[in-house]
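Below you'll find the structure, written out as structure tokens, and then a few comments.
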Amino acid sequence: MKRNSFVAAISVAFAATCSVGFVNITPKVIYGDDNRADVYEVARADVREIADSTVALIHVRDLTDSGNGLMKILTSQYGREMNLCSDEPFYDQPTAANCSGSLVGEDLIATAGHCISSSDCSSYAFVFGFRMTDAKTAPESVPADDVYKCKEIVAREYTSAQDYALVKLDRPVRGRRVLTLQQTPVQSGDGIYVVGHPSGLPTKVADGAVVRNQLGTYFNSNLDTYGGNSGSAVFNSRTNEVVGILVRGATDFTYDRAKKCTKSNHCSEDGCRGEDVTNISYIVQALKK
């Protein structure tokens, strides 16, 4: 994709000390240039505010109450965990999130249906603020007030056509913007961007993408997304309204036999199978019930 237009001219360095496990979700891929950027790099204040309404779905076993108003996040180092080539972006950053989600009501989160169900509702925490604050500062903990529990699944479908879930939290969310949902379907050629947790990393914004095809229940795109982006909100680049939920795509990584390491799978902007996004209309309808 074209270079990320949201990003300020900042060079990126990485530093983090990490531990414990990482979970692969549905694979995704890079199209054209890698447009993923940390929130602190984003020049536009409106997009940074939107990013504040993104949650990381983290297993409760990977969160520990520090007893001082903070919850420690157990993480692993992205590069080592995935046996990545050393020049891969975000190599030294921590990874912890299984999926992504976004705030669509005072106490409601939209995510992918394959990310959570009634049977594992209590197994996941919804964590706001899992993000890099600068190039060297990784999120080792978050305020306990930014960690929420799943109270119930309000609506969910997980089929070949639909993949979404609407989750009610244990309490209302304060100090974060409830996102606006687009009321009409996107069309081919519409500009879009995504905010979420690729490969479980701290929040990333990736713009410069377009809708390839509107297929009725979902649309296909060339968003730069990975496993962990599942459940991420996809936005209309012009209006900042949520147009869909990222659910599946092409393979994340390929193996470099010469270097004996793994690297991101790159496709041309119009190549590979594309990334599928459930239309937000299903969440719009669920909110009306």
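Residues in the structure tokens are numbered from 1 in each chain, the chains being A, B, ... in the order shown, and ligands are numbered from 1 in the order shown.
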Per-residue DSSP, range 51-235 of chain A, filtered to alpha helix (DSSP H), as a list in words: Ala51, Tyr78, Gly79, Arg80 and Glu81 of chain A
Got time to write the residues from that selection, N, CA and C atoms, as a short mmCIF file (atom, residue, chain, number, x, y, z; two decimals), in the first residue's frame?
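Output below, filename part_21.cif:
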```
data_model
loop_
_atom_site.label_atom_id
_atom_site.label_comp_id
_atom_site.auth_asym_id
_atom_site.auth_seq_id
_atom_site.Cartn_x
_atom_site.Cartn_y
_atom_site.Cartn_z
N ALA A 51 -7.72 5.32 18.37
CA ALA A 51 -6.89 4.21 18.83
C ALA A 51 -7.07 3.96 20.32
N TYR A 78 8.32 -10.61 20.51
CA TYR A 78 7.79 -10.92 19.19
C TYR A 78 8.81 -11.65 18.31
N GLY A 79 9.99 -11.06 18.14
CA GLY A 79 10.99 -11.62 17.24
C GLY A 79 11.46 -12.99 17.64
N ARG A 80 11.79 -13.17 18.91
CA ARG A 80 12.27 -14.47 19.38
C ARG A 80 11.18 -15.53 19.33
N GLU A 81 9.98 -15.14 19.75
CA GLU A 81 8.88 -16.10 19.80
C GLU A 81 8.54 -16.65 18.41
#
```
Test item: residues at most 7 Å from Ala125 in chain A, only C-alpha atoms, excluding those fewer than 6 positions along its chain, as a ChimeraX atom specification: /A:57-60,147-150
Write the residues of the preceding selection, restricted to N, CA and C atoms, as a PDB file, in the first residue's frame.
```pdb
ATOM      1  N   LEU A  57      -7.594  -8.260  23.538  1.00  0.00           N
ATOM      2  CA  LEU A  57      -8.143  -9.404  24.245  1.00  0.00           C
ATOM      3  C   LEU A  57      -6.966 -10.238  24.743  1.00  0.00           C
ATOM      4  N   ILE A  58      -6.776 -10.250  26.056  1.00  0.00           N
ATOM      5  CA  ILE A  58      -5.648 -10.936  26.677  1.00  0.00           C
ATOM      6  C   ILE A  58      -6.181 -11.965  27.664  1.00  0.00           C
ATOM      7  N   HIS A  59      -5.640 -13.165  27.613  1.00  0.00           N
ATOM      8  CA  HIS A  59      -6.107 -14.218  28.514  1.00  0.00           C
ATOM      9  C   HIS A  59      -5.856 -13.797  29.967  1.00  0.00           C
ATOM     10  N   VAL A  60      -6.816 -14.087  30.820  1.00  0.00           N
ATOM     11  CA  VAL A  60      -6.716 -13.653  32.211  1.00  0.00           C
ATOM     12  C   VAL A  60      -5.489 -14.231  32.916  1.00  0.00           C
ATOM     13  N   VAL A 147      -8.692  -2.398  32.676  1.00  0.00           N
ATOM     14  CA  VAL A 147      -8.888  -3.834  32.425  1.00  0.00           C
ATOM     15  C   VAL A 147     -10.334  -4.192  32.767  1.00  0.00           C
ATOM     16  N   TYR A 148     -11.043  -4.780  31.800  1.00  0.00           N
ATOM     17  CA  TYR A 148     -12.460  -5.105  31.954  1.00  0.00           C
ATOM     18  C   TYR A 148     -12.681  -6.597  31.750  1.00  0.00           C
ATOM     19  N   LYS A 149     -13.772  -7.090  32.319  1.00  0.00           N
ATOM     20  CA  LYS A 149     -14.140  -8.485  32.159  1.00  0.00           C
ATOM     21  C   LYS A 149     -15.347  -8.615  31.234  1.00  0.00           C
ATOM     22  N   CYS A 150     -15.496  -9.782  30.663  1.00  0.00           N
ATOM     23  CA  CYS A 150     -16.662 -10.100  29.837  1.00  0.00           C
ATOM     24  C   CYS A 150     -17.825 -10.474  30.737  1.00  0.00           C
TER      25      CYS A 150
END
```
Using only C-alpha atoms: which of A:Asp252, A:Asp92, A:Asp163, A:Asp270 has the shortest distance to Ser232 in chain A: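 Once distances to Ser232 in chain A are computed over only C-alpha atoms, the minimum belongs to A:Asp163.
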Taking 5 positions as the minimum chain separation for residues in the same chain, which residues sit within 12 Å of Glu269 in chain A when counting only C-alpha atoms? Answer as a PDB file with C-alpha atoms, in the first residue's frame.
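Written file, result-v9.pdb:
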```pdb
ATOM      1  CA  MET A   1       0.000   0.000   0.000  1.00  0.00           C
ATOM      2  CA  LYS A   2       0.971   3.632  -0.271  1.00  0.00           C
ATOM      3  CA  ARG A   3       2.960   5.089   2.613  1.00  0.00           C
ATOM      4  CA  VAL A  29      -0.386 -10.412   5.377  1.00  0.00           C
ATOM      5  CA  ILE A  30       1.402  -7.218   4.159  1.00  0.00           C
ATOM      6  CA  TYR A  31       0.288  -5.614   0.870  1.00  0.00           C
ATOM      7  CA  GLY A  32       2.791  -3.308  -0.845  1.00  0.00           C
ATOM      8  CA  ASP A  33       4.564  -1.143   1.764  1.00  0.00           C
ATOM      9  CA  ASP A  34       4.219  -2.112   5.421  1.00  0.00           C
ATOM     10  CA  ASN A  35       1.878   0.584   6.751  1.00  0.00           C
ATOM     11  CA  GLY A 208      -3.464   3.460   2.821  1.00  0.00           C
ATOM     12  CA  ALA A 209      -5.823   0.554   2.073  1.00  0.00           C
ATOM     13  CA  VAL A 210      -8.924   0.277  -0.095  1.00  0.00           C
ATOM     14  CA  VAL A 211     -11.982  -1.915  -0.398  1.00  0.00           C
ATOM     15  CA  ARG A 212     -11.355  -4.379  -3.211  1.00  0.00           C
ATOM     16  CA  SER A 221      -9.401  -5.406   1.140  1.00  0.00           C
ATOM     17  CA  ASN A 222      -5.615  -4.929   1.031  1.00  0.00           C
ATOM     18  CA  LEU A 223      -5.176  -3.988   4.697  1.00  0.00           C
ATOM     19  CA  ASP A 224      -1.805  -4.747   6.331  1.00  0.00           C
ATOM     20  CA  GLY A 274      -6.899 -10.126   0.248  1.00  0.00           C
ATOM     21  CA  GLU A 275      -8.133  -9.542   3.809  1.00  0.00           C
TER      22      GLU A 275
END
```
DSSP-assigned strand (DSSP E or B) members of range 189-289 of chain A, reported as an mmCIF file with C-alpha atoms, in the first residue's frame:
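Saved the output as result02.cif:
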```cif
data_model
loop_
_atom_site.group_PDB
_atom_site.id
_atom_site.type_symbol
_atom_site.label_atom_id
_atom_site.label_comp_id
_atom_site.auth_asym_id
_atom_site.auth_seq_id
_atom_site.Cartn_x
_atom_site.Cartn_y
_atom_site.Cartn_z
ATOM 1 C CA GLY A 191 -10.326 4.260 1.424
ATOM 2 C CA ILE A 192 -10.006 2.422 4.750
ATOM 3 C CA TYR A 193 -7.637 1.924 7.682
ATOM 4 C CA VAL A 194 -7.402 -0.488 10.604
ATOM 5 C CA VAL A 195 -6.496 -0.170 14.299
ATOM 6 C CA GLY A 196 -5.608 -3.239 16.334
ATOM 7 C CA LYS A 204 -0.879 -0.394 15.543
ATOM 8 C CA VAL A 205 -2.561 1.833 12.961
ATOM 9 C CA ALA A 206 -2.329 0.867 9.272
ATOM 10 C CA ASP A 207 -3.842 3.084 6.592
ATOM 11 C CA GLY A 208 -3.464 3.460 2.821
ATOM 12 C CA ALA A 209 -5.823 0.554 2.073
ATOM 13 C CA VAL A 210 -8.924 0.277 -0.095
ATOM 14 C CA VAL A 211 -11.982 -1.915 -0.398
ATOM 15 C CA ARG A 212 -11.355 -4.379 -3.211
ATOM 16 C CA ASN A 213 -14.817 -5.925 -3.427
ATOM 17 C CA GLN A 214 -18.059 -5.590 -1.485
ATOM 18 C CA TYR A 218 -18.264 -9.003 4.126
ATOM 19 C CA PHE A 219 -15.804 -7.101 1.957
ATOM 20 C CA ASN A 220 -12.304 -7.853 0.733
ATOM 21 C CA SER A 221 -9.401 -5.406 1.140
ATOM 22 C CA THR A 225 -2.986 -7.132 9.047
ATOM 23 C CA ALA A 233 -12.215 -2.182 13.764
ATOM 24 C CA VAL A 234 -11.796 -1.074 10.154
ATOM 25 C CA PHE A 235 -12.536 2.600 9.493
ATOM 26 C CA ASN A 236 -13.651 4.806 6.618
ATOM 27 C CA VAL A 242 -16.317 1.975 11.658
ATOM 28 C CA VAL A 243 -17.190 0.047 8.499
ATOM 29 C CA GLY A 244 -16.271 -3.489 9.516
ATOM 30 C CA ILE A 245 -14.451 -6.047 11.652
ATOM 31 C CA LEU A 246 -11.255 -7.687 10.384
ATOM 32 C CA VAL A 247 -11.706 -11.483 10.415
ATOM 33 C CA ARG A 248 -9.365 -13.396 8.057
ATOM 34 C CA PHE A 253 4.801 -15.320 7.296
ATOM 35 C CA THR A 254 7.137 -17.161 4.963
ATOM 36 C CA TYR A 255 10.361 -18.977 5.828
ATOM 37 C CA ASP A 256 13.670 -17.629 4.480
ATOM 38 C CA CYS A 261 14.351 -17.286 9.877
ATOM 39 C CA THR A 262 10.768 -16.194 9.320
ATOM 40 C CA LYS A 263 9.735 -13.006 7.540
ATOM 41 C CA SER A 264 6.485 -11.254 6.734
ATOM 42 C CA HIS A 266 4.511 -9.564 1.129
ATOM 43 C CA CYS A 267 2.033 -9.266 -1.727
ATOM 44 C CA GLU A 275 -8.133 -9.542 3.809
ATOM 45 C CA ASP A 276 -11.784 -10.152 4.669
ATOM 46 C CA VAL A 277 -13.794 -7.747 6.801
ATOM 47 C CA THR A 278 -17.278 -8.467 8.194
ATOM 48 C CA ASN A 279 -19.611 -5.592 7.391
#
```
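Using only C-alpha atoms, the shortest contact distance between Arg238 in chain A and any of A:Asp52, A:Ser123, A:Arg177, A:Asp190 is found at A:Asp190.
Rounded to one decimal, CA of Gln183 in chain A and CA of Thr159 in chain A lie 22.6 Å from each other.
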Residues near range 96-104 of chain A, cut-off 8 Å, only C-alpha atoms, skip fewer than 3 positions along chain, as an MDAnalysis selection string: chainID A and resid 21:25 53:59 62 73:76 107:112 115 177:181 196:197 199:201 227:233
